[in-house]
>>> print(open('work_4.txt').read())   # compact mmCIF, C-alpha atoms and all ligand atoms
# COMPACT_ATOMS: atom_id res chain seq x y z
CA MET A 93 280.77 174.43 155.74
CA ILE A 94 278.12 177.19 155.63
CA PHE A 95 279.37 180.62 154.58
CA GLY A 96 277.72 183.98 155.03
CA LYS A 97 275.07 182.84 157.48
CA VAL A 98 274.35 185.38 160.21
CA VAL A 99 273.39 183.11 163.06
CA ARG A 100 272.17 185.69 165.57
CA PRO A 101 270.26 188.90 164.90
CA SER A 102 272.68 191.83 164.68
CA ALA A 103 270.75 193.78 167.32
CA MET A 104 271.68 191.09 169.85
CA SER A 105 275.43 191.21 169.41
CA LEU A 106 278.25 193.43 168.13
CA ARG A 107 281.69 192.65 166.67
CA TRP A 108 283.72 195.79 166.00
CA ALA A 109 287.32 196.53 165.08
CA PHE A 110 289.42 199.67 164.70
CA ARG A 111 292.98 199.76 163.36
CA TYR A 112 294.58 202.21 165.78
CA GLY A 113 298.05 201.37 164.41
CA SER A 114 297.52 203.53 161.34
CA TRP A 115 295.74 206.37 163.20
CA ASN A 116 297.88 209.50 163.55
CA PRO A 117 295.45 211.69 165.49
CA THR A 118 295.13 215.40 164.78
CA GLU A 119 294.69 217.67 167.78
CA GLU A 120 291.02 218.03 166.96
CA GLU A 121 290.48 214.27 166.75
CA TRP A 122 292.36 213.57 169.98
CA LEU A 123 290.48 216.24 171.93
CA LYS A 124 287.13 215.03 170.62
CA ALA A 125 288.01 211.44 171.57
CA CYS A 126 289.11 212.45 175.09
CA ALA A 127 286.01 214.59 175.59
CA SER A 128 283.85 211.57 174.73
CA VAL A 129 285.04 209.25 177.52
CA GLN A 130 284.84 209.49 181.31
CA LEU A 131 287.36 211.83 182.93
CA GLU A 132 289.09 209.09 184.93
CA GLU A 133 289.76 207.26 181.66
CA CYS A 134 291.31 210.44 180.17
CA HIS A 135 293.64 210.51 183.19
CA ARG A 136 294.46 206.83 182.72
CA VAL A 137 295.16 207.26 179.00
CA SER A 138 297.38 210.29 179.64
CA GLN A 139 299.62 208.17 181.85
CA PHE A 140 300.72 205.80 179.08
CA CYS A 141 304.33 206.43 178.06
CA TYR A 142 303.77 205.64 174.38
CA LYS A 143 301.24 206.88 171.85
CA ARG A 144 300.52 203.32 170.68
CA ASP A 145 299.17 202.32 174.11
CA ALA A 146 297.24 205.56 174.66
CA LYS A 147 295.50 205.20 171.29
CA ALA A 148 294.69 201.51 171.82
CA SER A 149 293.11 202.15 175.20
CA LEU A 150 291.26 205.36 174.29
CA VAL A 151 289.71 203.68 171.24
CA GLY A 152 288.56 200.87 173.53
CA ARG A 153 286.73 203.38 175.73
CA LEU A 154 285.08 204.99 172.69
CA LEU A 155 283.95 201.59 171.38
CA LEU A 156 282.54 200.62 174.79
CA ARG A 157 280.34 203.72 174.97
CA LYS A 158 279.28 203.41 171.34
CA ALA A 159 278.28 199.76 171.93
CA VAL A 160 276.15 200.64 174.96
CA SER A 161 274.46 203.45 173.08
CA SER A 162 273.81 201.21 170.03
CA LEU A 163 272.58 198.08 171.82
CA LEU A 164 270.80 199.58 174.82
CA GLY A 165 269.89 203.08 173.60
CA ILE A 166 271.28 204.76 176.73
CA PRO A 167 272.15 208.43 175.99
CA TYR A 168 275.92 209.03 175.85
CA LYS A 169 275.99 211.42 178.80
CA GLU A 170 274.20 208.91 181.01
CA ILE A 171 276.49 205.94 180.33
CA ILE A 172 278.60 205.17 183.41
CA PHE A 173 281.34 202.54 183.36
CA ASN A 174 283.22 201.25 186.38
CA ARG A 175 285.80 198.47 186.72
CA THR A 176 285.72 195.31 188.82
CA ALA A 177 288.60 194.65 191.25
CA ALA A 178 290.14 192.52 188.48
CA GLY A 179 289.97 195.46 186.04
CA LYS A 180 287.03 194.39 183.85
CA PRO A 181 284.87 197.35 182.74
CA PHE A 182 281.17 197.00 183.55
CA LEU A 183 278.12 199.19 183.15
CA MET A 184 276.80 200.87 186.31
CA ASN A 185 273.47 202.13 184.89
CA SER A 186 270.24 200.80 186.35
CA GLY A 187 267.83 198.83 184.18
CA VAL A 188 270.57 197.17 182.13
CA PRO A 189 269.51 193.62 181.04
CA ALA A 190 271.00 191.05 183.44
CA GLY A 191 272.81 189.23 180.65
CA PHE A 192 274.32 192.29 178.94
CA SER A 193 278.07 191.99 178.55
CA VAL A 194 280.74 193.86 176.64
CA ASN A 195 284.50 193.38 176.40
CA ILE A 196 287.45 194.85 174.50
CA SER A 197 290.97 193.78 173.58
CA HIS A 198 293.88 195.71 172.06
CA GLN A 199 297.13 194.36 170.70
CA GLY A 200 299.27 194.71 167.59
CA SER A 201 297.42 197.25 165.44
CA PHE A 202 293.81 196.64 166.51
CA THR A 203 291.32 197.44 169.23
CA VAL A 204 288.33 195.08 169.07
CA LEU A 205 285.01 194.88 170.87
CA ALA A 206 282.42 192.17 171.37
CA ALA A 207 279.05 192.76 173.02
CA GLU A 208 276.11 190.45 173.75
CA ILE A 209 272.71 191.44 175.04
CA ASP A 210 271.98 188.23 176.95
CA ARG A 211 275.23 186.35 177.70
CA GLN A 212 278.76 186.76 179.02
CA VAL A 213 281.35 187.67 176.44
CA GLY A 214 285.13 187.88 176.34
CA ILE A 215 287.40 188.83 173.45
CA ASP A 216 291.09 188.62 172.66
CA THR A 217 293.17 189.66 169.67
CA MET A 218 296.83 188.89 169.00
CA ASP A 219 299.31 189.84 166.30
CA ILE A 220 301.17 186.70 165.18
CA ALA A 221 304.58 188.30 165.60
CA ARG A 222 307.81 186.38 166.03
CA PRO A 223 309.17 186.78 169.58
CA ALA A 224 311.83 189.49 169.80
CA ASN A 225 315.46 188.48 170.49
CA THR A 226 314.74 184.77 170.98
CA SER A 227 313.95 181.64 168.97
CA ILE A 228 310.41 180.35 168.66
CA GLN A 229 311.38 177.06 170.34
CA TYR A 230 312.91 178.86 173.35
CA PHE A 231 309.84 181.12 173.52
CA PHE A 232 307.63 177.99 173.58
CA ARG A 233 309.70 176.55 176.44
CA LEU A 234 309.20 179.76 178.43
CA MET A 235 305.45 179.48 177.82
CA SER A 236 305.20 175.75 178.56
CA SER A 237 302.98 176.15 181.65
CA LYS A 238 300.33 178.13 179.75
CA PHE A 239 298.98 175.15 177.80
CA THR A 240 297.99 171.53 178.40
CA GLU A 241 299.67 168.52 176.82
CA SER A 242 297.00 168.18 174.13
CA GLU A 243 297.17 171.92 173.36
CA TRP A 244 300.96 171.67 172.89
CA GLU A 245 300.40 168.67 170.63
CA TYR A 246 298.16 170.84 168.47
CA ILE A 247 300.58 173.82 168.53
CA ARG A 248 303.61 171.74 167.55
CA ASN A 249 302.08 169.26 165.10
CA GLY A 250 298.75 170.71 163.97
CA SER A 251 296.98 167.67 165.35
CA SER A 252 295.12 167.39 168.58
CA ILE A 253 293.77 164.74 170.87
CA SER A 254 290.85 165.67 173.08
CA PRO A 255 291.55 165.58 176.81
CA GLN A 256 289.25 162.58 177.04
CA ARG A 257 291.26 160.85 174.29
CA GLU A 258 288.06 160.23 172.34
CA CYS A 259 288.97 161.75 169.02
CA ALA A 260 292.01 162.76 167.11
CA LEU A 261 291.96 165.55 164.56
CA PRO A 262 293.45 164.82 161.17
CA ASN A 263 297.22 165.09 161.20
CA SER A 264 298.78 167.87 159.18
CA PRO A 265 302.21 167.30 157.60
CA ALA A 266 304.86 166.45 160.15
CA ASP A 267 307.18 169.18 158.87
CA CYS A 268 305.05 172.09 160.15
CA THR A 269 306.88 175.36 159.75
CA GLU A 270 307.70 177.40 162.82
CA GLN A 271 305.45 180.16 161.48
CA GLU A 272 302.54 177.72 161.41
CA GLN A 273 303.38 176.67 164.97
CA LEU A 274 303.37 180.31 166.02
CA GLY A 275 299.95 180.80 164.41
CA ARG A 276 298.57 177.83 166.34
CA PHE A 277 300.23 179.07 169.55
CA TYR A 278 298.47 182.43 169.28
CA ARG A 279 295.22 180.72 168.33
CA MET A 280 295.37 178.79 171.61
CA TRP A 281 296.39 181.98 173.44
CA CYS A 282 293.35 183.89 172.12
CA LEU A 283 291.04 181.01 173.06
CA LYS A 284 292.32 180.95 176.66
CA GLU A 285 292.34 184.71 177.07
CA SER A 286 288.83 185.10 175.64
CA PHE A 287 287.51 182.58 178.17
CA ILE A 288 289.43 184.21 181.05
CA LYS A 289 288.05 187.59 180.02
CA ALA A 290 284.46 186.38 179.70
CA ASP A 291 284.78 184.94 183.21
CA GLY A 292 286.28 188.26 184.36
CA LYS A 293 288.40 187.10 187.29
CA GLY A 294 291.62 187.39 185.33
CA LEU A 295 294.44 184.92 185.87
CA GLN A 296 292.94 183.58 189.10
CA ILE A 297 291.82 180.56 187.03
CA SER A 298 294.61 178.04 186.54
CA LEU A 299 295.40 177.82 182.83
CA GLN A 300 295.80 174.03 183.14
CA ARG A 301 292.13 173.60 184.11
CA MET A 302 290.99 174.49 180.60
CA SER A 303 291.93 172.63 177.45
CA PHE A 304 290.84 173.59 173.94
CA THR A 305 290.35 171.24 170.98
CA PRO A 306 289.96 172.92 167.60
CA VAL A 307 287.53 171.24 165.25
CA GLU A 308 288.97 173.06 162.27
CA PRO A 309 292.72 172.38 162.40
CA GLY A 310 293.67 175.59 160.57
CA LEU A 311 292.18 179.08 160.36
CA SER A 312 292.65 181.05 157.17
CA PRO A 313 293.22 184.82 156.99
CA SER A 314 291.54 184.89 153.60
CA GLU A 315 288.06 184.07 154.92
CA ASN A 316 286.23 187.11 156.20
CA MET A 317 284.28 184.88 158.55
CA LEU A 318 284.64 183.47 162.03
CA SER A 319 284.94 179.75 162.61
CA VAL A 320 282.66 178.19 165.22
CA GLY A 321 283.25 174.81 166.79
CA THR A 322 286.35 174.72 168.97
CA VAL A 323 285.57 172.72 172.08
CA LEU A 324 286.49 173.51 175.68
CA HIS A 325 287.10 170.89 178.37
CA PHE A 326 287.16 172.39 181.86
CA ASP A 327 288.53 170.17 184.63
CA GLY A 328 288.31 167.33 182.09
CA ALA A 329 284.56 167.76 181.44
CA LEU A 330 283.12 169.01 178.15
CA SER A 331 281.81 172.60 178.55
CA SER A 332 279.30 172.64 175.73
CA SER A 333 277.56 175.84 176.88
CA TRP A 334 280.56 177.99 175.90
CA GLN A 335 281.13 178.92 172.27
CA PHE A 336 284.28 180.21 170.61
CA HIS A 337 284.21 182.24 167.40
CA GLU A 338 287.69 182.50 165.87
CA GLY A 339 289.16 184.18 162.82
CA TYR A 340 291.49 186.79 161.38
CA LEU A 341 291.11 190.59 161.27
CA ASP A 342 293.81 190.83 158.59
CA ASP A 343 296.76 188.67 157.49
CA THR A 344 298.42 188.63 160.91
CA HIS A 345 295.86 189.48 163.59
CA LEU A 346 293.91 186.63 165.15
CA VAL A 347 290.75 187.25 167.12
CA CYS A 348 288.62 185.02 169.34
CA VAL A 349 285.25 185.78 170.93
CA CYS A 350 284.09 183.59 173.83
CA ILE A 351 280.34 183.53 174.42
CA GLY A 352 278.78 182.11 177.57
CA PRO A 353 275.42 180.43 178.14
CA GLU A 354 272.29 182.52 177.75
CA VAL A 355 271.41 184.44 180.91
CA THR A 356 267.71 185.07 180.16
CA ALA A 357 265.63 182.56 178.22
CA ALA A 358 263.00 185.13 177.23
CA ASN A 359 264.00 185.76 173.62
CA PRO A 360 263.37 182.87 171.21
CA LEU A 361 265.67 184.49 168.61
CA SER A 362 268.74 184.23 170.79
CA SER A 363 269.46 180.60 170.04
CA SER A 364 272.90 179.06 169.78
CA PRO A 365 274.70 179.04 166.45
CA THR A 366 273.98 176.01 164.32
CA SER A 367 276.41 176.71 161.49
CA SER A 368 280.17 176.27 161.56
CA MET A 369 280.80 179.90 160.60
CA THR A 370 279.45 183.25 161.74
CA ASN A 371 279.62 186.84 160.59
CA CYS A 372 282.89 188.70 160.96
CA PHE A 373 283.85 192.10 162.32
CA THR A 374 282.75 195.57 161.24
CA HIS A 375 285.85 197.73 160.73
CA PHE A 376 285.49 201.45 161.48
CA THR A 377 287.39 204.37 159.96
CA VAL A 378 288.45 207.27 162.22
CA GLU A 379 285.65 209.39 160.77
CA GLN A 380 283.01 206.72 161.38
CA LEU A 381 284.18 206.25 164.94
CA LEU A 382 284.52 209.91 165.92
CA ASP A 383 281.43 211.15 164.08
CA SER A 384 279.30 208.65 165.95
CA VAL A 385 280.43 209.38 169.51
CA GLU A 386 279.24 212.28 171.68
CA GLU A 387 281.26 214.57 173.89
CA ILE A 388 280.35 214.22 177.55
CA HIS A 389 282.61 216.93 179.03
CA PRO A 390 284.44 220.01 177.66
CA LYS A 391 287.61 219.57 175.62
CA ASP A 392 290.82 220.31 177.51
CA ARG A 393 294.02 221.09 175.57
CA LYS A 394 296.12 219.48 178.25
CA TRP A 395 295.08 216.04 176.91
CA TRP A 396 296.76 216.91 173.60
CA ASN A 397 299.76 218.60 175.23
CA GLU A 398 300.42 215.43 177.19
CA PHE A 399 299.90 213.07 174.25
CA GLU A 400 301.58 214.91 171.37
CA PRO A 401 305.25 214.85 172.54
CA ARG A 402 305.24 211.12 173.34
CA GLU A 403 307.13 208.54 171.26
CA GLU A 404 304.95 206.13 169.27
CA VAL A 405 306.63 202.99 170.67
CA PRO A 406 309.68 202.16 172.81
CA ARG A 407 313.02 202.70 171.06
CA GLY A 408 314.01 199.67 168.95
CA GLN A 409 310.42 198.52 168.36
CA SER A 410 308.62 199.10 165.09
CA ALA A 411 305.41 201.10 165.17
CA PRO A 412 302.15 199.28 164.40
CA THR A 413 300.59 199.99 161.01
C1 LIG A 501 294.19 191.53 182.15
C2 LIG A 501 293.77 190.33 181.36
C3 LIG A 501 292.31 190.09 181.62
C4 LIG A 501 293.89 190.61 179.85
O1 LIG A 501 295.07 191.15 179.52
P1 LIG A 501 295.58 191.36 178.04
O2 LIG A 501 295.35 190.13 177.22
O3 LIG A 501 296.96 191.82 178.16
O4 LIG A 501 294.74 192.56 177.45
P2 LIG A 501 293.64 192.76 176.30
O5 LIG A 501 294.13 193.79 175.39
O6 LIG A 501 293.13 191.51 175.67
O7 LIG A 501 292.43 193.34 177.15
C5 LIG A 501 292.57 194.51 177.86
C6 LIG A 501 291.20 195.03 178.19
O8 LIG A 501 290.42 194.01 178.81
C7 LIG A 501 289.60 194.60 179.81
N1 LIG A 501 289.90 193.92 181.06
C8 LIG A 501 290.76 194.28 182.05
N2 LIG A 501 290.71 193.36 183.03
C9 LIG A 501 289.81 192.44 182.65
C10 LIG A 501 289.33 191.24 183.28
N3 LIG A 501 289.73 190.83 184.48
N4 LIG A 501 288.39 190.52 182.61
C11 LIG A 501 287.98 190.91 181.42
N5 LIG A 501 288.38 192.03 180.78
C12 LIG A 501 289.30 192.78 181.41
C13 LIG A 501 289.92 196.09 179.84
O9 LIG A 501 288.94 196.77 179.09
C14 LIG A 501 291.26 196.16 179.17
O10 LIG A 501 291.47 197.34 178.42
P3 LIG A 501 291.64 198.76 179.13
O11 LIG A 501 292.40 198.52 180.38
O12 LIG A 501 292.34 199.60 178.13
O13 LIG A 501 290.23 199.21 179.39
C15 LIG A 501 294.49 189.04 181.83
O14 LIG A 501 294.01 187.94 181.13
C16 LIG A 501 296.00 189.03 181.82
O15 LIG A 501 296.65 189.62 182.63
N6 LIG A 501 296.64 188.31 180.94
C17 LIG A 501 298.12 188.19 180.90
C18 LIG A 501 298.63 187.34 179.81
C19 LIG A 501 298.64 185.82 180.07
O16 LIG A 501 299.48 185.26 180.72
N7 LIG A 501 297.67 185.13 179.45
C20 LIG A 501 297.59 183.72 179.45
C21 LIG A 501 297.05 183.27 178.13
S1 LIG A 501 297.43 181.61 177.71
>>> encode(input="work_4.txt", output="structure tokens")
Amino acid sequence: MIFGKVVRPSAMSLRWAFRYGSWNPTEEEWLKACASVQLEECHRVSQFCYKRDAKASLVGRLLLRKAVSSLLGIPYKEIIFNRTAAGKPFLMNSGVPAGFSVNISHQGSFTVLAAEIDRQVGIDTMDIARPANTSIQYFFRLMSSKFTESEWEYIRNGSSISPQRECALPNSPADCTEQEQLGRFYRMWCLKESFIKADGKGLQISLQRMSFTPVEPGLSPSENMLSVGTVLHFDGALSSSWQFHEGYLDDTHLVCVCIGPEVTAANPLSSSPTSSMTNCFTHFTVEQLLDSVEEIHPKDRKWWNEFEPREEVPRGQSAPT
């Protein structure tokens, strides 16, 4: 296994994370953040019932604009995002490279972003939390249609057989703990979601058409690196042009980035990864995030007046940290 090898130039791609769970915004911070995103997104954020969701989404908007400014050099005030009918944000500006793609995900305590200059990208993060008010086995039964037979084999036993029955991964001990099963369940979840999000059409794709086979049976939270190598079969055929970079943001948050085939072949540096690991995420502090974004419209105290009285999370749930 090769550690520490950056397989693509950093100017070609971004991997960013922000822990919104531990952010308790001051009025000044909240107003600056709202003033730095498009007005329709301020309206959207102000409609969330809970602070947790408003913070997660607003941070996503800040990261999107920062990514466009960093990778493409478009001035903040000129960056215009719209959404597809399926809800995926995309850049409206003219002259954007055909392959440019950016995507965010927010769940648990983190908002994450992945951007690529020359290929489709999708990202998903999940907190490996036990399901509330139900057993893990009942939860799995409820979710049975989400995964293929071979994916369930991997989730339950830590072993996996490729959809073409060509190879079997090494078996892990038969007495896998439920916590390990949950970790593998969310690993599969992140893989599927990242692919769905790179594609952009949402859940229009049947989840049974895609089947993932991990090459590395287990991911470890202790490695500050992303594992490369999980294989996708789509409609039974190997989809070797899609790559999946998986890892942990902290002890409980999984993340997966799905990267599509190259859209333009012009840049010889933008080759596919050859190592089994790639560089991990850059984590921002509040100061780093807010100091680096630019206000695009005047601050309006109503954004704070709407946000401040809200509860952090629904009653009975614990707040993210
Ligand atoms: C909407 C969907 C694309 C992602 O939903 P999600 O996993 O709950 O949300 P995430 O936090 O990962 O991502 C949300 C962000 O993705 C972006 N997004 C929205 N629609 C998108 C789409 N069709 N394609 C890609 N990105 C999309 C947005 O930026 C959104 O954040 P914002 O609304 O605050 O701007 C879709 O996959 C979905 O509805 N999933 C439901 C869960 C499910 O059954 N998954 C099966 C997995 S096995």
>>> closest_residue(input="work_4.txt", among="A:Trp334, A:Phe232, A:Tyr246, A:Phe202", to="Trp115 in chain A", atoms="only C-alpha atoms")
A:Phe202
>>> residues_near_point(input="work_4.txt", point="(292.3, 204.3, 179.9)", cutoff="6 Å", atoms="only C-alpha atoms", output="ChimeraX atom specification")
/A:133,136-137,149-150
>>> write_last_selection(input="work_4.txt", atoms="C-alpha atoms", output="PDB file, in the coordinates of the input")
ATOM      1  CA  GLU A 133     289.760 207.260 181.660  1.00  0.00           C
ATOM      2  CA  ARG A 136     294.460 206.830 182.720  1.00  0.00           C
ATOM      3  CA  VAL A 137     295.160 207.260 179.000  1.00  0.00           C
ATOM      4  CA  SER A 149     293.110 202.150 175.200  1.00  0.00           C
ATOM      5  CA  LEU A 150     291.260 205.360 174.290  1.00  0.00           C
TER       6      LEU A 150
END
>>> residues_around(input="work_4.txt", residues="His337 in chain A", least_positions_apart="5", cutoff="6 Å", atoms="only C-alpha atoms", output="CSV table (one decimal) with C-alpha atoms, keeping the file's coordinate frame")
chain,number,residue,atom,x,y,z
A,318,LEU,CA,284.6,183.5,162.0
A,319,SER,CA,284.9,179.8,162.6
A,320,VAL,CA,282.7,178.2,165.2
A,348,CYS,CA,288.6,185.0,169.3
A,349,VAL,CA,285.2,185.8,170.9
>>> atom_distance(input="work_4.txt", atom1="CA of Gly179 in chain A", atom2="atom O5 of ligand LIG 501 (chain A)")
11.6 Å
>>> residues_around(input="work_4.txt", residues="Glu132 in chain A", least_positions_apart="6", cutoff="12 Å", atoms="all atoms listed in the file", output="JSON, numbers by chain")
{"A": [126, 138, 139, 150, 153, 172, 173, 174, 175, 389]}
>>> closest_atom_pairs(input="work_4.txt", of="range 314-343 of chain A", to="range 236-242 of chain A", cutoff="12 Å", atoms="only C-alpha atoms", output="tab-separated table")
residue	atom	partner	partner_atom	distance
A:Leu324	CA	A:Ser242	CA	11.9
A:His325	CA	A:Thr240	CA	10.9
A:Phe326	CA	A:Thr240	CA	11.4
A:Asp327	CA	A:Thr240	CA	11.4
A:Gly328	CA	A:Thr240	CA	11.2
>>> residues_around(input="work_4.txt", residues="Glu387 in chain A", least_positions_apart="5", cutoff="8 Å", atoms="all atoms listed in the file", output="PDB file with C-alpha atoms, keeping the file's coordinate frame")
ATOM      1  CA  LYS A 124     287.130 215.030 170.620  1.00  0.00           C
ATOM      2  CA  ALA A 125     288.010 211.440 171.570  1.00  0.00           C
ATOM      3  CA  ALA A 127     286.010 214.590 175.590  1.00  0.00           C
ATOM      4  CA  SER A 128     283.850 211.570 174.730  1.00  0.00           C
ATOM      5  CA  VAL A 129     285.040 209.250 177.520  1.00  0.00           C
ATOM      6  CA  TYR A 168     275.920 209.030 175.850  1.00  0.00           C
ATOM      7  CA  LYS A 169     275.990 211.420 178.800  1.00  0.00           C
TER       8      LYS A 169
END
